[in-house]
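Chemist: Following this line is query-v8.cif, made up of mmCIF, C-alpha atoms:
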data_start
#
loop_
_atom_site.group_PDB
_atom_site.id
_atom_site.type_symbol
_atom_site.label_atom_id
_atom_site.label_comp_id
_atom_site.auth_asym_id
_atom_site.auth_seq_id
_atom_site.Cartn_x
_atom_site.Cartn_y
_atom_site.Cartn_z
ATOM 1 C CA MET P 1289 -49.483 -21.197 50.730
ATOM 2 C CA SER P 1290 -51.165 -20.977 47.339
ATOM 3 C CA LYS P 1291 -49.725 -22.498 44.217
ATOM 4 C CA SER P 1292 -48.184 -20.409 41.448
ATOM 5 C CA LYS P 1293 -49.751 -20.224 37.980
ATOM 6 C CA LEU P 1294 -46.850 -22.346 36.691
ATOM 7 C CA GLU P 1295 -47.404 -25.044 39.320
ATOM 8 C CA ILE P 1296 -51.104 -25.170 38.462
ATOM 9 C CA SER P 1297 -50.324 -25.306 34.723
ATOM 10 C CA LYS P 1298 -47.903 -28.193 35.291
ATOM 11 C CA GLU P 1299 -50.635 -30.096 37.149
ATOM 12 C CA SER P 1300 -53.636 -29.412 34.925
ATOM 13 C CA GLY P 1301 -52.908 -26.881 32.179
ATOM 14 C CA PRO P 1302 -50.887 -26.291 29.024
ATOM 15 C CA HIS P 1303 -47.564 -27.140 30.691
ATOM 16 C CA LEU P 1304 -48.939 -30.575 31.591
ATOM 17 C CA ARG P 1305 -49.937 -31.093 27.933
ATOM 18 C CA LEU P 1306 -46.449 -30.132 26.745
ATOM 19 C CA ALA P 1307 -44.877 -32.383 29.408
ATOM 20 C CA SER P 1308 -46.864 -35.344 28.071
ATOM 21 C CA LEU P 1309 -44.640 -35.259 24.976
ATOM 22 C CA VAL P 1310 -41.347 -35.791 26.825
ATOM 23 C CA GLY P 1311 -39.670 -38.974 25.558
ATOM 24 C CA ASN P 1312 -38.281 -40.612 22.427
ATOM 25 C CA TRP P 1313 -40.312 -40.959 19.254
ATOM 26 C CA ASP P 1314 -40.177 -42.705 15.863
ATOM 27 C CA GLY P 1315 -42.197 -41.436 12.981
ATOM 28 C CA SER P 1316 -42.667 -40.783 9.317
ATOM 29 C CA THR P 1317 -42.559 -37.377 7.639
ATOM 30 C CA SER P 1318 -44.375 -36.428 4.453
ATOM 31 C CA THR P 1319 -43.234 -33.286 2.610
ATOM 32 C CA TRP P 1320 -44.959 -31.213 -0.063
ATOM 33 C CA PHE P 1321 -43.315 -28.420 -2.073
ATOM 34 C CA GLU P 1322 -46.410 -27.885 -4.231
ATOM 35 C CA ALA P 1323 -50.015 -28.122 -3.122
ATOM 36 C CA ASP P 1324 -51.249 -31.720 -3.075
ATOM 37 C CA ILE P 1325 -48.089 -33.126 -4.742
ATOM 38 C CA LEU P 1326 -46.224 -35.375 -2.287
ATOM 39 C CA ALA P 1327 -42.478 -34.812 -2.752
ATOM 40 C CA ASP P 1328 -41.024 -37.148 -0.113
ATOM 41 C CA GLU P 1329 -41.883 -39.622 2.625
ATOM 42 C CA SER P 1330 -39.147 -40.691 5.008
ATOM 43 C CA PRO P 1331 -38.494 -41.896 8.567
ATOM 44 C CA MET P 1332 -38.024 -39.345 11.356
ATOM 45 C CA GLN P 1333 -36.664 -39.723 14.868
ATOM 46 C CA GLY P 1334 -37.573 -37.251 17.614
ATOM 47 C CA LYS P 1335 -36.552 -36.626 21.190
ATOM 48 C CA ILE P 1336 -38.342 -34.269 23.570
ATOM 49 C CA ASN P 1337 -37.012 -33.191 26.954
ATOM 50 C CA PHE P 1338 -37.713 -30.561 29.586
ATOM 51 C CA LEU P 1339 -35.969 -27.212 29.770
ATOM 52 C CA PHE P 1340 -35.794 -25.195 32.982
ATOM 53 C CA ASP P 1341 -37.784 -27.448 35.284
ATOM 54 C CA GLY P 1342 -40.677 -27.925 32.864
ATOM 55 C CA ARG P 1343 -41.178 -24.305 31.830
ATOM 56 C CA PHE P 1344 -40.440 -25.358 28.224
ATOM 57 C CA ILE P 1345 -39.891 -28.480 26.161
ATOM 58 C CA ASN P 1346 -37.091 -28.954 23.644
ATOM 59 C CA TYR P 1347 -37.944 -31.034 20.548
ATOM 60 C CA GLU P 1348 -34.989 -32.356 18.524
ATOM 61 C CA TYR P 1349 -35.467 -34.331 15.335
ATOM 62 C CA LYS P 1350 -33.399 -36.043 12.642
ATOM 63 C CA GLY P 1351 -34.450 -37.424 9.309
ATOM 64 C CA THR P 1352 -33.853 -37.305 5.593
ATOM 65 C CA LEU P 1353 -35.423 -35.384 2.760
ATOM 66 C CA ASN P 1354 -34.964 -36.773 -0.733
ATOM 67 C CA GLY P 1355 -32.188 -38.966 0.672
ATOM 68 C CA LYS P 1356 -30.235 -36.112 2.289
ATOM 69 C CA PRO P 1357 -29.955 -35.879 6.093
ATOM 70 C CA TYR P 1358 -31.325 -32.907 7.993
ATOM 71 C CA GLU P 1359 -32.130 -32.058 11.582
ATOM 72 C CA GLY P 1360 -33.913 -29.422 13.592
ATOM 73 C CA ARG P 1361 -34.909 -28.144 16.992
ATOM 74 C CA MET P 1362 -37.990 -26.474 18.351
ATOM 75 C CA THR P 1363 -38.485 -24.977 21.782
ATOM 76 C CA TRP P 1364 -42.144 -24.935 22.820
ATOM 77 C CA GLY P 1365 -43.629 -23.066 25.758
ATOM 78 C CA TYR P 1366 -46.771 -21.471 27.038
ATOM 79 C CA ASP P 1367 -46.623 -17.841 28.192
ATOM 80 C CA LEU P 1368 -49.074 -17.861 31.097
ATOM 81 C CA GLY P 1369 -49.026 -14.064 31.462
ATOM 82 C CA ASN P 1370 -50.158 -13.488 27.878
ATOM 83 C CA GLU P 1371 -52.014 -16.787 27.432
ATOM 84 C CA LYS P 1372 -50.086 -17.639 24.269
ATOM 85 C CA CYS P 1373 -48.294 -20.718 23.051
ATOM 86 C CA GLN P 1374 -44.847 -19.872 21.673
ATOM 87 C CA CYS P 1375 -42.325 -21.772 19.599
ATOM 88 C CA SER P 1376 -38.878 -21.047 18.185
ATOM 89 C CA TRP P 1377 -37.606 -23.238 15.355
ATOM 90 C CA VAL P 1378 -34.297 -23.820 13.584
ATOM 91 C CA ASP P 1379 -33.302 -26.545 11.154
ATOM 92 C CA THR P 1380 -30.787 -27.409 8.481
ATOM 93 C CA PHE P 1381 -33.218 -27.483 5.551
ATOM 94 C CA HIS P 1382 -36.192 -25.129 5.653
ATOM 95 C CA LEU P 1383 -34.778 -22.065 7.400
ATOM 96 C CA GLY P 1384 -31.171 -21.685 6.266
ATOM 97 C CA THR P 1385 -29.623 -19.487 8.971
ATOM 98 C CA ALA P 1386 -32.890 -17.972 10.211
ATOM 99 C CA ILE P 1387 -34.767 -18.589 13.453
ATOM 100 C CA MET P 1388 -38.547 -18.651 13.140
ATOM 101 C CA HIS P 1389 -40.553 -17.439 16.110
ATOM 102 C CA SER P 1390 -44.222 -18.364 16.207
ATOM 103 C CA GLU P 1391 -47.105 -17.597 18.541
ATOM 104 C CA GLY P 1392 -50.559 -19.020 18.877
ATOM 105 C CA HIS P 1393 -52.975 -20.726 21.181
ATOM 106 C CA GLU P 1394 -53.993 -23.943 22.834
ATOM 107 C CA THR P 1395 -56.541 -26.083 20.991
ATOM 108 C CA ARG P 1396 -58.780 -28.951 22.042
ATOM 109 C CA SER P 1397 -56.076 -31.451 21.045
ATOM 110 C CA GLY P 1398 -52.811 -29.498 21.310
ATOM 111 C CA PHE P 1399 -51.429 -26.196 20.090
ATOM 112 C CA VAL P 1400 -51.343 -24.035 16.932
ATOM 113 C CA VAL P 1401 -48.720 -21.344 16.280
ATOM 114 C CA LEU P 1402 -48.148 -18.958 13.379
ATOM 115 C CA GLY P 1403 -44.820 -17.572 12.168
ATOM 116 C CA SER P 1404 -43.512 -16.129 8.922
ATOM 117 C CA TYR P 1405 -40.462 -16.294 6.686
ATOM 118 C CA SER P 1406 -38.891 -14.351 3.842
ATOM 119 C CA GLY P 1407 -35.534 -14.104 2.128
ATOM 120 C CA PRO P 1408 -33.904 -13.637 -1.244
ATOM 121 C CA GLY P 1409 -36.555 -14.119 -3.896
ATOM 122 C CA ILE P 1410 -39.331 -13.823 -1.281
ATOM 123 C CA PRO P 1411 -39.858 -10.063 -0.936
ATOM 124 C CA VAL P 1412 -43.246 -10.404 0.794
ATOM 125 C CA PRO P 1413 -43.209 -12.709 3.840
ATOM 126 C CA TRP P 1414 -45.082 -16.008 3.741
ATOM 127 C CA GLY P 1415 -46.882 -17.414 6.759
ATOM 128 C CA TRP P 1416 -46.020 -20.751 8.355
ATOM 129 C CA ARG P 1417 -48.613 -22.375 10.621
ATOM 130 C CA THR P 1418 -47.527 -25.255 12.830
ATOM 131 C CA GLU P 1419 -50.076 -27.542 14.438
ATOM 132 C CA LEU P 1420 -49.109 -29.882 17.269
ATOM 133 C CA GLU P 1421 -51.870 -32.467 17.733
ATOM 134 C CA ILE P 1422 -51.671 -34.826 20.698
ATOM 135 C CA ILE P 1423 -53.591 -37.965 19.727
ATOM 136 C CA ASN P 1424 -52.923 -39.934 22.938
ATOM 137 C CA PRO P 1425 -49.974 -40.454 25.346
ATOM 138 C CA ASP P 1426 -48.148 -42.534 22.730
ATOM 139 C CA GLN P 1427 -48.865 -40.639 19.498
ATOM 140 C CA PHE P 1428 -48.704 -37.071 18.255
ATOM 141 C CA ILE P 1429 -48.710 -35.358 14.878
ATOM 142 C CA ILE P 1430 -46.917 -32.180 13.913
ATOM 143 C CA ARG P 1431 -48.127 -30.480 10.723
ATOM 144 C CA ALA P 1432 -46.982 -27.326 8.983
ATOM 145 C CA PHE P 1433 -48.706 -25.223 6.344
ATOM 146 C CA ASN P 1434 -47.341 -22.589 3.966
ATOM 147 C CA ILE P 1435 -49.546 -19.514 3.735
ATOM 148 C CA SER P 1436 -49.025 -17.321 0.672
ATOM 149 C CA PRO P 1437 -49.154 -13.524 0.949
ATOM 150 C CA ASP P 1438 -52.634 -13.829 -0.627
ATOM 151 C CA GLY P 1439 -53.765 -16.162 2.188
ATOM 152 C CA GLU P 1440 -53.755 -19.432 0.244
ATOM 153 C CA GLU P 1441 -52.727 -22.373 2.435
ATOM 154 C CA ALA P 1442 -51.038 -25.631 1.490
ATOM 155 C CA LYS P 1443 -49.756 -28.459 3.660
ATOM 156 C CA ALA P 1444 -45.938 -28.445 3.725
ATOM 157 C CA THR P 1445 -45.017 -31.203 6.184
ATOM 158 C CA GLU P 1446 -46.677 -33.789 8.376
ATOM 159 C CA THR P 1447 -44.866 -36.020 10.853
ATOM 160 C CA ILE P 1448 -46.750 -38.788 12.619
ATOM 161 C CA TYR P 1449 -44.895 -39.955 15.726
ATOM 162 C CA HIS P 1450 -45.252 -43.040 17.942
ATOM 163 C CA ARG P 1451 -43.582 -43.190 21.346
ATOM 164 C CA ILE P 1452 -40.685 -45.598 21.697
ATOM 165 C CA GLU P 1453 -39.878 -44.759 25.341
ATOM 166 C CA LYS P 1454 -40.470 -42.096 27.976
#
Can the structure in the file be given as structure tokens, please?

Modeler:
Amino acid sequence: MSKSKLEISKESGPHLRLASLVGNWDGSTSTWFEADILADESPMQGKINFLFDGRFINYEYKGTLNGKPYEGRMTWGYDLGNEKCQCSWVDTFHLGTAIMHSEGHETRSGFVVLGSYSGPGIPVPWGWRTELEIINPDQFIIRAFNISPDGEEAKATETIYHRIEK
């Protein structure tokens, strides 16, 4: 009996890479509201677990921004049929009551996805690129970039995590 695409991916593909992130993490988040002007640096705690027998991972995080608590959740997966990484994201600071859906691809060191956002005062949607870089089994970095309607990019957040337990 041959193995399914999902079984193969869990053993040696993108699902194995996502699974490597399961565990508890401590980190530090840097936030920029204007290009190259650091607005805040604060501790961040993350927890990643499996959803649906390893088809997806669920990333939950809690931290502060300018002294005020916030939290968020991201569901990451890899659509084997379309060969795309996908992510849905909600949080209590950046998105208000919106859910951002992003799609992208696998990279040499992780995954990159692109979504967009708009709202009152933002008539033309802005892009939001999220990069998940796996440094080693005990460290990963998640970065996000704002992309203006004109295509100008600026780093918005960067969280550097270190594993505290699997």

Chemist: Please determine, counting only C-alpha atoms, which residue among P:Glu1446, P:Glu1322, P:Glu1440, P:Glu1394 has the shortest atom-to-atom distance to Cys1373 in chain P.

Modeler: P:Glu1394

Chemist: Taking only residues of range 1291-1341 of chain P that have an atom at most 9 Å from an atom of range 1348-1369 of chain P, what is each one's shortest atom pair and its distance in Å to one decimal, using all atoms listed in the file, in chain and number order, as a Markdown table?

Modeler:
| residue | atom | partner | partner_atom | distance |
| --- | --- | --- | --- | --- |
| P:Lys1293 | CA | P:Leu1368 | CA | 7.3 |
| P:Leu1294 | CA | P:Leu1368 | CA | 7.5 |
| P:Ser1297 | CA | P:Leu1368 | CA | 8.4 |
| P:Pro1302 | CA | P:Tyr1366 | CA | 6.6 |
| P:His1303 | CA | P:Tyr1366 | CA | 6.8 |
| P:Leu1306 | CA | P:Gly1365 | CA | 7.7 |
| P:Ser1316 | CA | P:Gly1351 | CA | 8.9 |
| P:Thr1317 | CA | P:Gly1351 | CA | 8.3 |
| P:Thr1319 | CA | P:Leu1353 | CA | 8.1 |
| P:Ala1327 | CA | P:Asn1354 | CA | 8.0 |
| P:Asp1328 | CA | P:Asn1354 | CA | 6.1 |
| P:Glu1329 | CA | P:Leu1353 | CA | 7.7 |
| P:Ser1330 | CA | P:Thr1352 | CA | 6.3 |
| P:Pro1331 | CA | P:Gly1351 | CA | 6.1 |
| P:Met1332 | CA | P:Gly1351 | CA | 4.5 |
| P:Gln1333 | CA | P:Lys1350 | CA | 5.4 |
| P:Gly1334 | CA | P:Tyr1349 | CA | 4.3 |
| P:Lys1335 | CA | P:Glu1348 | CA | 5.3 |
| P:Ile1336 | CA | P:Glu1348 | CA | 6.4 |
| P:Asn1337 | CA | P:Glu1348 | CA | 8.7 |
| P:Leu1339 | CA | P:Thr1363 | CA | 8.7 |

Chemist: Which centre and which edge lengths, in Å to one decimal, describe the axis-aligned box that holds all listed atoms of range 1330-1334 of chain P after 6 Å is added on each side, as JSON?

Modeler:
{"center_x": -37.9, "center_y": -39.6, "center_z": 11.3, "size_x": 14.5, "size_y": 16.6, "size_z": 24.6}

Chemist: Going by the chain IDs and residue numbers used in this file, which residues fall under the PyMOL selection byres ((chain P and resi 1426-1430) around 6)? Write them as a list of chain:residue names.

Modeler: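 Applying the PyMOL selection byres ((chain P and resi 1426-1430) around 6) to the structure shown produces P:Glu1419, P:Leu1420, P:Glu1421, P:Ile1422, P:Ile1423, P:Asn1424, P:Pro1425, P:Arg1431, P:Glu1446, P:Thr1447, P:Ile1448, P:Tyr1449, P:His1450, P:Arg1451.
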
Chemist: Which residue gives the smallest distance to Gly1398 in chain P among P:Asp1438, P:Thr1418, P:Gly1315, P:Lys1298, with all atoms listed in the file counted?

Modeler: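 Closest residue, counting all atoms listed in the file: P:Thr1418.
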
Chemist: Record the distance separating CA of Ala1386 in chain P and CA of Arg1305 in chain P, expressed in Å with one decimal.

Modeler: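 Computing it gives 27.9 Å between the two atoms.
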
Chemist: Which residue, P:Ala1432, P:Val1400, P:Ile1296, P:Ile1410, has the smallest gap to Arg1343 in chain P when you use all atoms listed in the file?

Modeler: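 Among the listed residues, P:Ile1296 lies closest to Arg1343 in chain P.
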
Chemist: One decimal, Å: what's the distance from CA of Gly1415 in chain P over to CA of Gly1403 in chain P, could you say?

Modeler: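 Atom-to-atom, CA of Gly1415 in chain P and CA of Gly1403 in chain P are spaced 5.8 Å apart.
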
Chemist: List as a PDB file with C-alpha atoms, in the coordinates of the input the protein and nucleic acid residues near Asn1434 in chain P, meaning an atom at most 7 Å away when all atoms listed in the file are counted, but skip any in the same chain fewer than 6 places from it.

Modeler:
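The result, written out as selection-v8.pdb:
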ATOM      1  CA  TRP P1414     -45.082 -16.008   3.741  1.00  0.00           C
ATOM      2  CA  GLY P1415     -46.882 -17.414   6.759  1.00  0.00           C
ATOM      3  CA  TRP P1416     -46.020 -20.751   8.355  1.00  0.00           C
ATOM      4  CA  ARG P1417     -48.613 -22.375  10.621  1.00  0.00           C
ATOM      5  CA  GLU P1441     -52.727 -22.373   2.435  1.00  0.00           C
ATOM      6  CA  ALA P1442     -51.038 -25.631   1.490  1.00  0.00           C
ATOM      7  CA  LYS P1443     -49.756 -28.459   3.660  1.00  0.00           C
ATOM      8  CA  ALA P1444     -45.938 -28.445   3.725  1.00  0.00           C
TER       9      ALA P1444
END

Chemist: Report the distance between CA of Ser1390 in chain P and CA of Tyr1405 in chain P in Å, rounded to one decimal place.

Modeler: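 Result for CA of Ser1390 in chain P versus CA of Tyr1405 in chain P: 10.4 Å, one decimal.
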
Chemist: Could you check the closest approach to Phe1338 in chain P for each of P:Ser1397, P:Ser1292, P:Ser1308, P:Ser1404 and tell me which residue wins, using only C-alpha atoms?

Modeler: P:Ser1308

Chemist: Closest to Phe1399 in chain P among P:Val1310, P:Val1412, P:Leu1383, P:Cys1375, using all atoms listed in the file?

Modeler: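 Of P:Val1310, P:Val1412, P:Leu1383, P:Cys1375, the one nearest Phe1399 in chain P is P:Cys1375, counting all atoms listed in the file.
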
Chemist: Using all atoms listed in the file, which of P:Ser1290, P:Asn1312, P:Ser1300, P:Gln1374 sits nearest Ile1452 in chain P?

Modeler: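 Distance minimum relative to Ile1452 in chain P lands on P:Asn1312.
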